[in-house]
$ cat input10.txt   # compact mmCIF, N, CA and C atoms
# COMPACT_ATOMS: atom_id res chain seq x y z
N MET O 1 143.37 95.75 120.30
CA MET O 1 142.69 96.74 119.51
C MET O 1 142.68 98.06 120.28
N THR O 2 142.87 99.14 119.58
CA THR O 2 142.89 100.45 120.24
C THR O 2 141.47 101.02 120.35
N THR O 3 141.35 102.04 121.15
CA THR O 3 140.05 102.70 121.33
C THR O 3 139.56 103.27 120.01
N SER O 4 140.45 103.87 119.22
CA SER O 4 140.02 104.46 117.95
C SER O 4 139.53 103.39 116.99
N ALA O 5 140.15 102.22 117.01
CA ALA O 5 139.69 101.12 116.15
C ALA O 5 138.29 100.67 116.56
N LEU O 6 138.04 100.60 117.87
CA LEU O 6 136.71 100.24 118.35
C LEU O 6 135.68 101.28 117.94
N THR O 7 136.05 102.55 118.04
CA THR O 7 135.14 103.63 117.68
C THR O 7 134.78 103.55 116.19
N VAL O 8 135.75 103.30 115.35
CA VAL O 8 135.50 103.17 113.91
C VAL O 8 134.58 101.99 113.65
N GLN O 9 134.83 100.86 114.31
CA GLN O 9 133.98 99.69 114.12
C GLN O 9 132.56 99.96 114.62
N ASP O 10 132.44 100.61 115.77
CA ASP O 10 131.11 100.93 116.31
C ASP O 10 130.36 101.86 115.37
N THR O 11 131.05 102.86 114.86
CA THR O 11 130.43 103.80 113.93
C THR O 11 129.98 103.08 112.66
N ALA O 12 130.83 102.22 112.13
CA ALA O 12 130.49 101.48 110.92
C ALA O 12 129.28 100.58 111.17
N HIS O 13 129.24 99.94 112.33
CA HIS O 13 128.11 99.07 112.67
C HIS O 13 126.83 99.88 112.79
N THR O 14 126.91 101.04 113.44
CA THR O 14 125.74 101.91 113.61
C THR O 14 125.24 102.39 112.26
N GLN O 15 126.14 102.81 111.39
CA GLN O 15 125.75 103.27 110.06
C GLN O 15 125.12 102.14 109.25
N SER O 16 125.68 100.95 109.36
CA SER O 16 125.15 99.78 108.66
C SER O 16 123.75 99.43 109.15
N ALA O 17 123.56 99.47 110.47
CA ALA O 17 122.24 99.17 111.04
C ALA O 17 121.22 100.22 110.61
N HIS O 18 121.64 101.48 110.58
CA HIS O 18 120.73 102.55 110.16
C HIS O 18 120.36 102.40 108.68
N ALA O 19 121.33 102.08 107.84
CA ALA O 19 121.07 101.87 106.42
C ALA O 19 120.10 100.70 106.21
N ALA O 20 120.27 99.65 106.99
CA ALA O 20 119.36 98.50 106.90
C ALA O 20 117.95 98.88 107.34
N TRP O 21 117.85 99.71 108.38
CA TRP O 21 116.55 100.15 108.85
C TRP O 21 115.84 100.99 107.78
N ILE O 22 116.58 101.89 107.13
CA ILE O 22 116.01 102.72 106.06
C ILE O 22 115.58 101.84 104.89
N ALA O 23 116.40 100.89 104.51
CA ALA O 23 116.05 100.00 103.41
C ALA O 23 114.79 99.21 103.73
N ASP O 24 114.66 98.75 104.97
CA ASP O 24 113.47 98.02 105.39
C ASP O 24 112.24 98.93 105.37
N LEU O 25 112.39 100.15 105.84
CA LEU O 25 111.30 101.11 105.83
C LEU O 25 110.83 101.38 104.39
N VAL O 26 111.77 101.59 103.48
CA VAL O 26 111.43 101.84 102.08
C VAL O 26 110.76 100.63 101.46
N ASP O 27 111.27 99.43 101.74
CA ASP O 27 110.66 98.21 101.21
C ASP O 27 109.21 98.07 101.66
N HIS O 28 108.96 98.27 102.94
CA HIS O 28 107.59 98.15 103.46
C HIS O 28 106.68 99.23 102.87
N ALA O 29 107.20 100.44 102.73
CA ALA O 29 106.42 101.53 102.14
C ALA O 29 106.09 101.22 100.68
N ALA O 30 107.05 100.66 99.95
CA ALA O 30 106.81 100.32 98.54
C ALA O 30 105.73 99.26 98.41
N ILE O 31 105.75 98.28 99.29
CA ILE O 31 104.72 97.22 99.27
C ILE O 31 103.35 97.82 99.59
N ASP O 32 103.30 98.66 100.62
CA ASP O 32 102.04 99.27 101.03
C ASP O 32 101.46 100.13 99.92
N VAL O 33 102.27 100.99 99.34
CA VAL O 33 101.76 101.93 98.34
C VAL O 33 101.43 101.22 97.02
N ALA O 34 102.08 100.10 96.74
CA ALA O 34 101.79 99.36 95.51
C ALA O 34 100.39 98.75 95.54
N ARG O 35 99.84 98.55 96.72
CA ARG O 35 98.50 97.98 96.85
C ARG O 35 97.40 99.01 96.62
N ARG O 36 97.77 100.25 96.58
CA ARG O 36 96.79 101.33 96.48
C ARG O 36 96.58 101.72 95.02
N GLY O 37 95.36 102.15 94.72
CA GLY O 37 95.03 102.55 93.36
C GLY O 37 95.73 103.83 92.95
N LEU O 38 96.07 103.90 91.69
CA LEU O 38 96.73 105.09 91.15
C LEU O 38 95.67 106.07 90.64
N ILE O 39 95.91 107.35 90.88
CA ILE O 39 95.05 108.38 90.31
C ILE O 39 95.93 109.33 89.50
N GLU O 40 95.36 109.88 88.44
CA GLU O 40 96.13 110.81 87.63
C GLU O 40 96.27 112.14 88.37
N VAL O 41 97.47 112.70 88.33
CA VAL O 41 97.73 114.00 88.93
C VAL O 41 98.38 114.89 87.87
N THR O 42 98.15 116.17 87.99
CA THR O 42 98.68 117.10 87.00
C THR O 42 99.72 118.06 87.57
N ASP O 43 99.96 118.00 88.86
CA ASP O 43 100.87 118.95 89.49
C ASP O 43 102.15 118.32 90.04
N ALA O 44 102.46 117.12 89.59
CA ALA O 44 103.63 116.41 90.13
C ALA O 44 104.88 116.55 89.27
N GLY O 45 104.78 117.22 88.14
CA GLY O 45 105.93 117.35 87.24
C GLY O 45 107.22 117.80 87.90
N PRO O 46 107.18 118.81 88.77
CA PRO O 46 108.43 119.25 89.41
C PRO O 46 109.07 118.21 90.32
N LEU O 47 108.34 117.18 90.71
CA LEU O 47 108.92 116.12 91.56
C LEU O 47 109.72 115.10 90.74
N ASP O 48 109.62 115.18 89.42
CA ASP O 48 110.31 114.24 88.53
C ASP O 48 111.74 114.71 88.31
N ARG O 49 112.57 114.51 89.32
CA ARG O 49 113.99 114.86 89.24
C ARG O 49 114.80 113.91 90.12
N GLU O 50 116.02 113.66 89.71
CA GLU O 50 116.86 112.69 90.40
C GLU O 50 117.20 113.10 91.82
N ASP O 51 117.32 114.39 92.07
CA ASP O 51 117.71 114.86 93.40
C ASP O 51 116.50 115.25 94.25
N ALA O 52 115.33 114.76 93.91
CA ALA O 52 114.10 115.16 94.59
C ALA O 52 114.14 114.89 96.10
N GLY O 53 114.73 113.79 96.52
CA GLY O 53 114.78 113.47 97.94
C GLY O 53 115.56 114.49 98.74
N GLU O 54 116.75 114.84 98.26
CA GLU O 54 117.57 115.84 98.94
C GLU O 54 116.87 117.20 98.91
N TRP O 55 116.29 117.54 97.77
CA TRP O 55 115.62 118.83 97.61
C TRP O 55 114.43 118.93 98.56
N LEU O 56 113.59 117.90 98.58
CA LEU O 56 112.41 117.91 99.46
C LEU O 56 112.81 117.88 100.93
N THR O 57 113.86 117.15 101.26
CA THR O 57 114.36 117.13 102.64
C THR O 57 114.72 118.55 103.08
N SER O 58 115.38 119.30 102.22
CA SER O 58 115.76 120.67 102.58
C SER O 58 114.54 121.58 102.63
N LEU O 59 113.57 121.38 101.74
CA LEU O 59 112.38 122.23 101.73
C LEU O 59 111.47 121.97 102.93
N LEU O 60 111.33 120.70 103.31
CA LEU O 60 110.41 120.32 104.39
C LEU O 60 111.08 120.25 105.76
N ASP O 61 112.39 120.30 105.77
CA ASP O 61 113.17 120.22 107.01
C ASP O 61 112.92 118.91 107.75
N ARG O 62 112.73 117.84 107.00
CA ARG O 62 112.68 116.49 107.55
C ARG O 62 113.10 115.53 106.44
N TRP O 63 113.53 114.35 106.81
CA TRP O 63 114.13 113.41 105.88
C TRP O 63 113.08 112.77 104.99
N ILE O 64 113.22 113.00 103.68
CA ILE O 64 112.40 112.34 102.67
C ILE O 64 113.33 111.43 101.88
N GLU O 65 113.16 110.14 102.07
CA GLU O 65 113.97 109.15 101.34
C GLU O 65 113.35 109.00 99.95
N HIS O 66 114.19 108.94 98.92
CA HIS O 66 113.71 108.93 97.54
C HIS O 66 114.38 107.81 96.76
N ARG O 67 113.57 107.01 96.12
CA ARG O 67 114.06 105.98 95.19
C ARG O 67 113.39 106.25 93.84
N HIS O 68 114.11 106.02 92.76
CA HIS O 68 113.52 106.31 91.46
C HIS O 68 114.11 105.46 90.36
N SER O 69 113.33 105.35 89.30
CA SER O 69 113.77 104.74 88.06
C SER O 69 113.33 105.68 86.94
N ALA O 70 113.46 105.26 85.72
CA ALA O 70 113.05 106.11 84.61
C ALA O 70 111.54 106.36 84.59
N SER O 71 110.78 105.45 85.19
CA SER O 71 109.32 105.58 85.11
C SER O 71 108.61 105.69 86.46
N GLU O 72 109.35 105.65 87.56
CA GLU O 72 108.70 105.72 88.88
C GLU O 72 109.56 106.49 89.88
N HIS O 73 108.86 107.08 90.83
CA HIS O 73 109.49 107.71 91.99
C HIS O 73 108.77 107.20 93.23
N LEU O 74 109.53 106.93 94.28
CA LEU O 74 108.97 106.57 95.57
C LEU O 74 109.57 107.53 96.59
N PHE O 75 108.69 108.25 97.30
CA PHE O 75 109.09 109.18 98.34
C PHE O 75 108.60 108.61 99.67
N VAL O 76 109.49 108.51 100.64
CA VAL O 76 109.13 108.00 101.96
C VAL O 76 109.53 109.03 103.01
N ASP O 77 108.55 109.47 103.79
CA ASP O 77 108.82 110.36 104.91
C ASP O 77 109.31 109.48 106.06
N VAL O 78 110.56 109.62 106.41
CA VAL O 78 111.17 108.76 107.42
C VAL O 78 110.54 108.97 108.79
N THR O 79 110.03 110.15 109.06
CA THR O 79 109.41 110.45 110.35
C THR O 79 108.04 109.80 110.49
N THR O 80 107.19 109.98 109.49
CA THR O 80 105.80 109.49 109.58
C THR O 80 105.61 108.12 108.94
N HIS O 81 106.58 107.68 108.16
CA HIS O 81 106.54 106.42 107.42
C HIS O 81 105.50 106.46 106.29
N ARG O 82 105.03 107.63 105.94
CA ARG O 82 104.10 107.75 104.81
C ARG O 82 104.91 107.69 103.53
N ALA O 83 104.25 107.24 102.47
CA ALA O 83 104.93 107.12 101.18
C ALA O 83 104.04 107.61 100.05
N VAL O 84 104.70 108.11 99.02
CA VAL O 84 104.04 108.51 97.79
C VAL O 84 104.76 107.83 96.64
N ARG O 85 103.98 107.24 95.75
CA ARG O 85 104.52 106.61 94.55
C ARG O 85 104.01 107.38 93.34
N LEU O 86 104.91 107.77 92.47
CA LEU O 86 104.55 108.40 91.21
C LEU O 86 104.95 107.48 90.08
N VAL O 87 104.03 107.28 89.15
CA VAL O 87 104.30 106.48 87.96
C VAL O 87 104.18 107.41 86.76
N LEU O 88 105.23 107.47 85.96
CA LEU O 88 105.25 108.35 84.80
C LEU O 88 105.05 107.54 83.54
N VAL O 89 104.13 108.01 82.72
CA VAL O 89 103.89 107.39 81.41
C VAL O 89 104.30 108.43 80.39
N ARG O 90 105.41 108.18 79.73
CA ARG O 90 105.93 109.13 78.75
C ARG O 90 105.46 108.69 77.36
N ARG O 91 104.88 109.61 76.65
CA ARG O 91 104.36 109.32 75.32
C ARG O 91 105.37 109.75 74.26
N ASP O 92 105.22 109.18 73.07
CA ASP O 92 106.11 109.53 71.96
C ASP O 92 106.01 111.00 71.59
N THR O 93 104.90 111.63 71.90
CA THR O 93 104.70 113.04 71.58
C THR O 93 105.48 113.96 72.51
N GLY O 94 106.09 113.40 73.53
CA GLY O 94 106.83 114.19 74.50
C GLY O 94 106.01 114.55 75.73
N GLU O 95 104.71 114.29 75.68
CA GLU O 95 103.85 114.55 76.83
C GLU O 95 104.01 113.42 77.83
N SER O 96 103.84 113.77 79.09
CA SER O 96 103.88 112.77 80.15
C SER O 96 102.58 112.81 80.93
N MET O 97 102.15 111.65 81.35
CA MET O 97 101.04 111.54 82.28
C MET O 97 101.63 110.99 83.57
N ILE O 98 101.18 111.52 84.70
CA ILE O 98 101.72 111.07 85.98
C ILE O 98 100.56 110.56 86.84
N TYR O 99 100.78 109.39 87.41
CA TYR O 99 99.79 108.77 88.30
C TYR O 99 100.41 108.67 89.69
N MET O 100 99.56 108.81 90.71
CA MET O 100 100.05 108.84 92.08
C MET O 100 99.24 107.91 92.95
N ALA O 101 99.91 107.31 93.91
CA ALA O 101 99.28 106.56 95.00
C ALA O 101 100.04 106.90 96.25
N GLN O 102 99.35 106.90 97.39
CA GLN O 102 100.05 107.17 98.65
C GLN O 102 99.53 106.29 99.76
N SER O 103 100.42 106.01 100.68
CA SER O 103 100.07 105.21 101.84
C SER O 103 99.56 106.13 102.94
N THR O 104 98.96 105.52 103.93
CA THR O 104 98.47 106.31 105.06
C THR O 104 99.55 106.50 106.11
N GLY O 105 100.48 105.58 106.24
CA GLY O 105 101.55 105.71 107.21
C GLY O 105 101.05 105.68 108.63
N ALA O 106 101.89 106.14 109.54
CA ALA O 106 101.55 106.18 110.97
C ALA O 106 100.79 107.45 111.27
N GLY O 107 99.72 107.34 111.99
CA GLY O 107 98.95 108.51 112.40
C GLY O 107 97.97 108.95 111.34
N ALA O 108 97.23 109.98 111.65
CA ALA O 108 96.24 110.53 110.73
C ALA O 108 96.12 112.01 111.04
N GLY O 109 95.17 112.63 110.41
CA GLY O 109 94.93 114.03 110.71
C GLY O 109 95.30 114.93 109.57
N ALA O 110 95.41 116.21 109.86
CA ALA O 110 95.61 117.22 108.84
C ALA O 110 96.91 117.03 108.07
N GLY O 111 97.95 116.48 108.70
CA GLY O 111 99.23 116.30 108.02
C GLY O 111 99.36 114.97 107.32
N ALA O 112 98.25 114.26 107.15
CA ALA O 112 98.33 112.91 106.63
C ALA O 112 98.57 112.85 105.13
N ASP O 113 98.32 113.92 104.38
CA ASP O 113 98.44 113.90 102.93
C ASP O 113 99.86 114.29 102.52
N LEU O 114 100.73 113.30 102.44
CA LEU O 114 102.12 113.56 102.11
C LEU O 114 102.25 114.14 100.71
N TYR O 115 101.47 113.65 99.77
CA TYR O 115 101.55 114.16 98.41
C TYR O 115 101.34 115.68 98.38
N GLN O 116 100.31 116.17 99.06
CA GLN O 116 100.05 117.61 99.08
C GLN O 116 101.17 118.37 99.78
N GLN O 117 101.80 117.76 100.77
CA GLN O 117 102.94 118.40 101.43
C GLN O 117 104.12 118.54 100.46
N LEU O 118 104.38 117.48 99.67
CA LEU O 118 105.47 117.52 98.71
C LEU O 118 105.22 118.58 97.65
N VAL O 119 104.03 118.56 97.07
CA VAL O 119 103.69 119.52 96.01
C VAL O 119 103.68 120.94 96.57
N GLY O 120 103.14 121.11 97.77
CA GLY O 120 103.12 122.43 98.40
C GLY O 120 104.51 122.98 98.64
N ALA O 121 105.42 122.11 99.08
CA ALA O 121 106.80 122.54 99.32
C ALA O 121 107.46 122.99 98.03
N VAL O 122 107.20 122.26 96.95
CA VAL O 122 107.79 122.61 95.66
C VAL O 122 107.22 123.94 95.16
N ARG O 123 105.91 124.13 95.33
CA ARG O 123 105.28 125.38 94.88
C ARG O 123 105.86 126.60 95.62
N SER O 124 106.14 126.43 96.90
CA SER O 124 106.63 127.57 97.68
C SER O 124 108.14 127.72 97.63
N ALA O 125 108.83 126.82 96.93
CA ALA O 125 110.28 126.88 96.84
C ALA O 125 110.71 128.07 95.97
N PRO O 126 111.77 128.74 96.38
CA PRO O 126 112.25 129.85 95.55
C PRO O 126 112.76 129.32 94.22
N GLY O 127 112.57 130.10 93.20
CA GLY O 127 113.07 129.73 91.87
C GLY O 127 114.56 130.00 91.76
N PRO O 128 115.16 129.58 90.67
CA PRO O 128 116.60 129.83 90.48
C PRO O 128 116.91 131.33 90.55
N GLY O 129 117.87 131.69 91.36
CA GLY O 129 118.27 133.08 91.49
C GLY O 129 117.48 133.85 92.56
N ASP O 130 116.41 133.26 93.09
CA ASP O 130 115.64 133.93 94.13
C ASP O 130 116.37 133.81 95.46
N SER O 131 116.17 134.74 96.34
CA SER O 131 116.80 134.69 97.66
C SER O 131 115.82 134.25 98.69
$ encode --input "input10.txt" --output "structure tokens"
Amino acid sequence: MTTSALTVQDTAHTQSAHAAWIADLVDHAAIDVARRGLIEVTDAGPLDREDAGEWLTSLLDRWIEHRHSASEHLFVDVTTHRAVRLVLVRRDTGESMIYMAQSTGAGAGAGADLYQQLVGAVRSAPGPGDS
């Protein structure tokens, strides 16, 4: 085997191990946040988008892993291991109600409220066409 073949295999193994670690982190966060009570929120509408993880990662300058379905979003801060779960209830009238639960993650203190960090980042984000 050549050196380049070993490097490709090592890289593939490292990427696979990292992907498994992220999947495990998301699974544990989902279990933790599912145990917490949901509260209705009115300011989470802008987070209801398929690319929310990439968008929030760029706004917050740290990795926010995002999983979603038609009725739920799960945001996991890879650094703090905190998670936010949003549950969307869409009504026939076109109105949506959004419920939120969040985990405490590692650590505490002023930065412990991941939900407020997500919403705050979205509020301060430039609109389309803004510089």
$ select_by_dssp --input "input10.txt" --residues "chain O" --states "alpha helix (DSSP H)" --output "MDAnalysis selection string"
chainID O and resid 3:34 52:60 114:124
$ closest_residue --input "input10.txt" --among "O:Val119, O:Ala83, O:Leu114, O:Ala70" --to "O:Arg36" --atoms "only C-alpha atoms"
O:Ala83
$ residues_near_point --input "input10.txt" --point "(112.2, 117.0, 101.0)" --cutoff "10 Å" --atoms "only C-alpha atoms" --output "list in words"
Asp51, Ala52, Gly53, Glu54, Trp55, Leu56, Thr57, Ser58, Leu59, Leu60, Asp61, Arg62, Trp63, Ile64, Glu65, His66, Phe75, Val76, Asp77, Gln117, Leu118, Ala121 and Val122 of chain O
$ atom_distance --input "input10.txt" --atom1 "atom CA of O:Asp113" --atom2 "atom CA of O:His68"
20.4 Å
$ closest_residue --input "input10.txt" --among "O:Val89, O:Leu25, O:Leu47, O:Val84" --to "O:Ser103" --atoms "all atoms listed in the file"
O:Val84
$ decode --input "input10.txt" --residues "stretch 16-27 of chain O" --atoms "all heavy atoms" --output "mmCIF file, in the first residue's frame"
data_model
loop_
_atom_site.group_PDB
_atom_site.id
_atom_site.type_symbol
_atom_site.label_atom_id
_atom_site.label_comp_id
_atom_site.auth_asym_id
_atom_site.auth_seq_id
_atom_site.Cartn_x
_atom_site.Cartn_y
_atom_site.Cartn_z
ATOM 1 N N SER O 16 -15.281 9.280 9.517
ATOM 2 C CA SER O 16 -16.302 8.341 9.978
ATOM 3 C C SER O 16 -16.453 8.400 11.495
ATOM 4 O O SER O 16 -17.571 8.413 12.017
ATOM 5 C CB SER O 16 -15.945 6.921 9.532
ATOM 6 O OG SER O 16 -16.863 6.003 10.041
ATOM 7 N N ALA O 17 -15.330 8.451 12.207
ATOM 8 C CA ALA O 17 -15.375 8.537 13.666
ATOM 9 C C ALA O 17 -16.004 9.848 14.109
ATOM 10 O O ALA O 17 -16.787 9.879 15.061
ATOM 11 C CB ALA O 17 -13.962 8.402 14.239
ATOM 12 N N HIS O 18 -15.690 10.929 13.418
ATOM 13 C CA HIS O 18 -16.267 12.228 13.758
ATOM 14 C C HIS O 18 -17.777 12.239 13.501
ATOM 15 O O HIS O 18 -18.553 12.741 14.322
ATOM 16 C CB HIS O 18 -15.583 13.340 12.964
ATOM 17 C CG HIS O 18 -16.031 14.704 13.348
ATOM 18 N ND1 HIS O 18 -15.762 15.253 14.581
ATOM 19 C CD2 HIS O 18 -16.755 15.628 12.669
ATOM 20 C CE1 HIS O 18 -16.297 16.456 14.647
ATOM 21 N NE2 HIS O 18 -16.899 16.703 13.493
ATOM 22 N N ALA O 19 -18.201 11.678 12.385
ATOM 23 C CA ALA O 19 -19.631 11.597 12.069
ATOM 24 C C ALA O 19 -20.374 10.762 13.117
ATOM 25 O O ALA O 19 -21.486 11.114 13.530
ATOM 26 C CB ALA O 19 -19.830 11.007 10.673
ATOM 27 N N ALA O 20 -19.753 9.687 13.571
ATOM 28 C CA ALA O 20 -20.364 8.850 14.611
ATOM 29 C C ALA O 20 -20.464 9.613 15.929
ATOM 30 O O ALA O 20 -21.469 9.514 16.641
ATOM 31 C CB ALA O 20 -19.570 7.560 14.800
ATOM 32 N N TRP O 21 -19.433 10.403 16.242
ATOM 33 C CA TRP O 21 -19.453 11.198 17.467
ATOM 34 C C TRP O 21 -20.581 12.235 17.419
ATOM 35 O O TRP O 21 -21.307 12.421 18.391
ATOM 36 C CB TRP O 21 -18.100 11.882 17.666
ATOM 37 C CG TRP O 21 -18.051 12.731 18.895
ATOM 38 C CD1 TRP O 21 -17.853 12.309 20.181
ATOM 39 C CD2 TRP O 21 -18.230 14.146 18.981
ATOM 40 N NE1 TRP O 21 -17.890 13.374 21.049
ATOM 41 C CE2 TRP O 21 -18.123 14.520 20.335
ATOM 42 C CE3 TRP O 21 -18.466 15.142 18.034
ATOM 43 C CZ2 TRP O 21 -18.240 15.831 20.771
ATOM 44 C CZ3 TRP O 21 -18.581 16.450 18.459
ATOM 45 C CH2 TRP O 21 -18.472 16.780 19.820
ATOM 46 N N ILE O 22 -20.746 12.903 16.280
ATOM 47 C CA ILE O 22 -21.817 13.892 16.118
ATOM 48 C C ILE O 22 -23.177 13.213 16.224
ATOM 49 O O ILE O 22 -24.083 13.725 16.899
ATOM 50 C CB ILE O 22 -21.682 14.646 14.775
ATOM 51 C CG1 ILE O 22 -20.431 15.512 14.780
ATOM 52 C CG2 ILE O 22 -22.929 15.474 14.466
ATOM 53 C CD1 ILE O 22 -20.441 16.628 15.810
ATOM 54 N N ALA O 23 -23.339 12.073 15.584
ATOM 55 C CA ALA O 23 -24.611 11.355 15.657
ATOM 56 C C ALA O 23 -24.934 10.963 17.092
ATOM 57 O O ALA O 23 -26.081 11.082 17.540
ATOM 58 C CB ALA O 23 -24.564 10.113 14.762
ATOM 59 N N ASP O 24 -23.928 10.522 17.838
ATOM 60 C CA ASP O 24 -24.116 10.157 19.242
ATOM 61 C C ASP O 24 -24.491 11.390 20.073
ATOM 62 O O ASP O 24 -25.392 11.337 20.912
ATOM 63 C CB ASP O 24 -22.842 9.507 19.784
ATOM 64 C CG ASP O 24 -23.047 8.894 21.154
ATOM 65 O OD1 ASP O 24 -24.010 8.111 21.322
ATOM 66 O OD2 ASP O 24 -22.253 9.208 22.063
ATOM 67 N N LEU O 25 -23.819 12.494 19.833
ATOM 68 C CA LEU O 25 -24.121 13.737 20.534
ATOM 69 C C LEU O 25 -25.564 14.168 20.268
ATOM 70 O O LEU O 25 -26.308 14.513 21.199
ATOM 71 C CB LEU O 25 -23.156 14.845 20.080
ATOM 72 C CG LEU O 25 -23.421 16.250 20.615
ATOM 73 C CD1 LEU O 25 -23.230 16.292 22.129
ATOM 74 C CD2 LEU O 25 -22.515 17.255 19.922
ATOM 75 N N VAL O 26 -25.992 14.119 19.021
ATOM 76 C CA VAL O 26 -27.360 14.505 18.658
ATOM 77 C C VAL O 26 -28.367 13.554 19.288
ATOM 78 O O VAL O 26 -29.392 13.990 19.828
ATOM 79 C CB VAL O 26 -27.516 14.565 17.123
ATOM 80 C CG1 VAL O 26 -28.975 14.714 16.717
ATOM 81 C CG2 VAL O 26 -26.687 15.707 16.555
ATOM 82 N N ASP O 27 -28.087 12.256 19.275
ATOM 83 C CA ASP O 27 -28.993 11.280 19.891
ATOM 84 C C ASP O 27 -29.175 11.555 21.379
ATOM 85 O O ASP O 27 -30.289 11.552 21.895
ATOM 86 C CB ASP O 27 -28.487 9.847 19.698
ATOM 87 C CG ASP O 27 -28.640 9.355 18.272
ATOM 88 O OD1 ASP O 27 -29.350 10.009 17.482
ATOM 89 O OD2 ASP O 27 -28.033 8.315 17.949
#
